[in-house]
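Enquirer: Here it is, the structure, as structure tokens.
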Amino acid sequence: MRRAVLISLCLLCCILLADLSFAVEGNTRKGKFLYRKNCRSCHGVSASDLSPLSKTQAAWKAAAASHESIPCVKDWPQLSAGDRADIFSYLYAFAADSPTPAKCD
Amino acid sequence: MSAKHHRLSRRAFLKSAAATGIAAVAAEVHARGKDAPIPDASEVTDPKAYENVFTACDMCFNRCAVIARVNGEGQDRKILKLDPNPKCSKSRGMLCARGNAGVALINSPDRLTRPLLRTGPRGGNLWRPISWEEALDRTAQAMREIGARYSRCGMLFTAGADTQSRFVHRFAEAYGSFNITSHESLCLLSVNRAFMDTFGEVPQVDLLHCDHIVMLGANRFESLVMPDSADLMQAVRRGAKLVVLDPRCTKTAEAAAEWHAIRPGTDLAFLLALCRVILEEDLYDRAWIESNTHGLEALRAHVASCTPAWAEQETGIKAAHIVRAARELAAAAPRAVVYPGRRSSDYEDSTQIRRGFAVVNALLANFDRPGGLMSTPAVKLRDIPFEAPWFDDNPADRVDAGRVPLLFNDEGSFVLTRDAVLSGQPYPVKGWFIYKTNPMGTAPDREKTAAMMRSLDFIVSVDIMMSDTAFMSDIVLPAPCYLERDDPLFVLQGGPAGPCILTRNRVVPPPGECRPVFDVVKALAGKLDIGNAFDFTLHELRERQLESFPGLKTTLEEDGVFEPSPALYGLKKGRPYKTPSGRIELYSTLYQQKGLDPLPVYTPPAAVPADSFVLVAGRTACITQTQSQNNRLLAEFAGTNTLWIHPAAAARLGIGNGDEVTVRSSVGTEHLRAELTKGIRPDTVYMHSGFGALASGPGLAAGTGASIAALFESAYDALCGNAALHTTRVTVQRREGAA
């Protein structure tokens, strides 16, 4: 029982940390996959083009912190906090002013 | 043998080939005849007798715009001549020797024409022609097995600088592998790394409007980059001053106002001394520097001890010349540049050396201004997006990840990837898909590359000729050359000429059963159940791209080139640089955060033992590494390579001009003829890249000259993993008993 509580606490911490420090915790490769699956279905097709190069790292970080105010958030598919962290980690890691800006998306 | 080939005329070669029957060696490989004629420009006499086809050259990475003069129909269609497209500003209405020699690819006896299956040991040159269906089935089956056993990252993908390489990258992503490399990590990654980390982008150079150019190591009058090579000639004719620092007297050095035979590996000492003089004598635009750069005072403190006298001790260039160079550069600024260069695969601290290049340019306040470094205008073509699948069993990252702090994610490092494959760490990589690139001929330590290939379960190569890398593969698939295929549209940046958009239209039919790599990966994707990544035709992609700009389609049809003509200067006005500080980083915030030297720190090169030489490599205007080695026309001008050696060093070793010599490094031994010249330092020897092939075929290359890949050792840049070739030391001996 005690072990189960500990595991639950650890999981809760992981989720919270992932949300707070997406740039460190998120999986950028998984994020690229999720971005293509969930964002590119509109952006570049029926909505404005979008790629990691669309913003600086600071701007992506700010966008992640207040993702609720992103205009198209109501159109987003169901995304877990972990998925969102992965997507923003990808966008942040390959931003316009990042050490390795995205070549293609 | 090499010298003989060097003097062989085309006619004599064809006769000789017929007489000795060397073409018969690979008769089962090559369906085309050894006597096939090379088109002759003199045939073009009546303008009504031919039609024009717009295309783009592929004899090197420049991709100059071309008009092919063609006549005939179907399989009888033939190229009479290749001409430059005068409407392409980037190529300055020029087509070089290699561009003209593109016609020799057609009907070349060295062309691959059928899929081949290896039937003997790797490199044993035993092949069996197979059908495309069998070749694709075998490849798909091998990729399935490797993916299941080692994860999708168990496959490595490597593609050359080709317009269809983008499809190989897409295929790799769709398959699910993170492991993609290119030729770039054997060439220019450290210069890209340094300028990105200083300016936030890799700038172009406005040599056309420049008044003073200092060129270290680059050789623009032989190793052509367009429009830089043509613009540099214009600038020199106009009276711009060109100063070249190079251990050898290149053609560029011959045309310069000054040539300084700098000690190899000491460029950064020279550059730091330039900074000191410019700062100490207050020769910079204070207002511009203060509003555009970050870290001026830190730089000032950093270079305080880098006196011209100190730099003289390191570089061998007199202090007075260094002071004069700094004053002349500053006087001409902002129309003055330290030319960034292209190939920077030379030292283990090449990124820091190139940071020195970038920092001096920043002090010249030349960025985004005429006659200086140029920001790159954005020109984007529409694409067809796709969704790559996700595999939970894949490892976390690339196989070469984490070995250097600033690896380029899209390029990786060939040298580090090879080490990882050989060690099996951090995970096994057991398959390799290669398209039109030849690491066996260009990567350092050829024997190590061969060992890597021997360690793999499966290798498939797609190429137009039997390169040494294809030679070591399991399946070889024949591809059309650039004159035999349609290509997607592509964007080229042209510095002061502006960007342009080109495409390739098929000029003549391909030989035998050649298929473009687009068709290959599309077919494989279908067999691997990832066909959704290629659910379009090349024509449909081109149609999508043609929607990118109004008038693009019509202009391409009428002129063969589209120039969108965006603004070229002042792009950064009021906009932050793409760096952490938003400014040009003399002091790198990123490096400081990563615990690296935030200012370029000079590391003296290792001393050269008395009985050894520094080995450096380069090329002439007739050579594109191993890509040009089988071209019959170019072979008349550059049929082999020689070892440049100073007469004083040669005399000490008893070597005469033309003697065959043995060159040894810690990883290989090669033989070639000595060329005695005072145009090289006594502690340095030089050879052209692109010779000494292993693969035997009916062409000229096999056994001709010496291979740089066999001699260069496997050092790499400590920051980005780019190869570091010029750290290699060699001994040279006269080869006794050689004819």
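For the structure tokens, the naming scheme is as follows: chains receive sequential letters (A, B, ...) according to their order of presentation, residues are indexed from 1 within each chain, and ligands are indexed from 1 in presentation order.
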Using DSSP on the backbone coordinates, identify all residues within range 511-703 of chain B classified as alpha helix (DSSP H); present the result as number ranges by chain.

Expert: B: 517-527, 538-546, 552-559, 589-593, 632-635, 647-652

Enquirer: Please find the residues of chain B near chain A - the criterion being any atom within 9 Å, counting only C-alpha atoms - and write them as a VMD selection string.

Expert: chain B and resid 178 193 196 to 197 200 to 201 382 385 to 390 396 to 397 406 to 410 577 to 580 582 590

Enquirer: Run DSSP on the backbone and tell me which residues of range 281-398 of chain B come out as strand (DSSP E); list them as a PyMOL selection string.

Expert: chain B and resi 293-294+336-338+373-374

Enquirer: Would you mind reading off the distance between CA of Thr640 in chain B and CA of Cys481 in chain B, one decimal, in Å?

Expert: 23.5 Å

Enquirer: Select, from B:Val399, B:Pro247, B:Leu271, B:Ser565, the residue with the minimum atom-to-atom distance to Ala497 in chain B, counting only C-alpha atoms.

Expert: B:Ser565

Enquirer: What's around Tyr150 in chain B at 10 Å? Count only C-alpha atoms, leave out sequence neighbours fewer than 2 positions away in its own chain, and write the answer as a VMD selection string.

Expert: chain B and resid 145 to 148 152 to 155 393 to 395 427 to 431

Enquirer: Convert the current residue selection to file output with N, CA and C atoms, as a short mmCIF file (atom, residue, chain, number, x, y, z; two decimals), in the first residue's frame.

Expert:
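Here's the written file selection-v7.cif:
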data_model
loop_
_atom_site.label_atom_id
_atom_site.label_comp_id
_atom_site.auth_asym_id
_atom_site.auth_seq_id
_atom_site.Cartn_x
_atom_site.Cartn_y
_atom_site.Cartn_z
N GLU B 145 13.43 -7.01 -41.37
CA GLU B 145 14.10 -7.86 -40.38
C GLU B 145 14.95 -7.03 -39.43
N ILE B 146 15.66 -6.05 -39.98
CA ILE B 146 16.51 -5.20 -39.13
C ILE B 146 15.64 -4.38 -38.18
N GLY B 147 14.54 -3.85 -38.70
CA GLY B 147 13.63 -3.07 -37.85
C GLY B 147 13.07 -3.91 -36.71
N ALA B 148 12.72 -5.15 -37.02
CA ALA B 148 12.12 -6.02 -35.99
C ALA B 148 13.16 -6.44 -34.96
N ARG B 152 13.76 0.33 -35.39
CA ARG B 152 13.85 1.05 -36.67
C ARG B 152 15.14 1.85 -36.76
N CYS B 153 15.71 2.24 -35.62
CA CYS B 153 16.97 2.98 -35.63
C CYS B 153 18.15 2.07 -35.97
N GLY B 154 17.89 0.80 -36.16
CA GLY B 154 18.94 -0.11 -36.62
C GLY B 154 19.31 0.11 -38.07
N MET B 155 18.54 0.94 -38.78
CA MET B 155 18.88 1.30 -40.16
C MET B 155 19.48 2.71 -40.18
N ASP B 393 9.44 1.23 -29.41
CA ASP B 393 10.64 0.46 -29.07
C ASP B 393 11.92 1.12 -29.58
N ASN B 394 11.80 2.27 -30.25
CA ASN B 394 13.02 2.95 -30.71
C ASN B 394 13.83 3.47 -29.52
N PRO B 395 15.15 3.56 -29.66
CA PRO B 395 15.95 4.21 -28.62
C PRO B 395 15.61 5.70 -28.53
N TYR B 427 23.56 1.43 -29.22
CA TYR B 427 22.69 0.35 -29.67
C TYR B 427 23.15 -0.09 -31.06
N PRO B 428 22.76 -1.29 -31.47
CA PRO B 428 23.25 -1.79 -32.76
C PRO B 428 22.60 -1.09 -33.96
N VAL B 429 23.42 -0.78 -34.94
CA VAL B 429 22.93 -0.33 -36.26
C VAL B 429 23.45 -1.36 -37.24
N LYS B 430 22.56 -1.97 -38.00
CA LYS B 430 22.97 -3.12 -38.81
C LYS B 430 22.59 -3.02 -40.29
N GLY B 431 21.94 -1.92 -40.68
CA GLY B 431 21.59 -1.76 -42.09
C GLY B 431 21.91 -0.36 -42.57
#

Enquirer: Just how far from CA of Pro77 in chain A is CA of Ala62 in chain A, in Å to one decimal?

Expert: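 CA of Pro77 in chain A lies at a distance of 21.0 Å from CA of Ala62 in chain A.
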
Enquirer: Quick one, how far is CA of Glu281 in chain B from CA of Met215 in chain B?

Expert: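 Spanning CA of Glu281 in chain B to CA of Met215 in chain B is a straight-line distance of 22.7 Å.
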
Enquirer: Could you list, as a list in words, every residue within 7 Å of Glu713 in chain B, counting only C-alpha atoms and ignoring same-chain residues fewer than 3 positions away?

Expert: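 With the cut-off at 7 Å, the set is Pro444, Asp445, Val667, Leu725 and Thr728 of chain B.
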
Enquirer: Okay, now the selection with C-alpha atoms, as a short mmCIF file (atom, residue, chain, number, x, y, z; two decimals), in the first residue's frame?

Expert:
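As a result, part_5.cif now contains:
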data_model
loop_
_atom_site.label_atom_id
_atom_site.label_comp_id
_atom_site.auth_asym_id
_atom_site.auth_seq_id
_atom_site.Cartn_x
_atom_site.Cartn_y
_atom_site.Cartn_z
CA PRO B 444 38.78 9.73 -43.23
CA ASP B 445 40.31 6.28 -42.64
CA VAL B 667 45.93 4.49 -40.90
CA LEU B 725 41.26 15.93 -41.65
CA THR B 728 46.98 13.95 -40.02
#

Enquirer: Give me the residues within 8 Å of Thr642 in chain B as a list in words, counting only C-alpha atoms and dropping any in the same chain fewer than 2 places off.

Expert: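 Listing them by chain and then by number gives Thr640, Trp644, Leu672, Arg673, Ala674, Glu675, Met687, His688, Gly705 and Ala706 of chain B.
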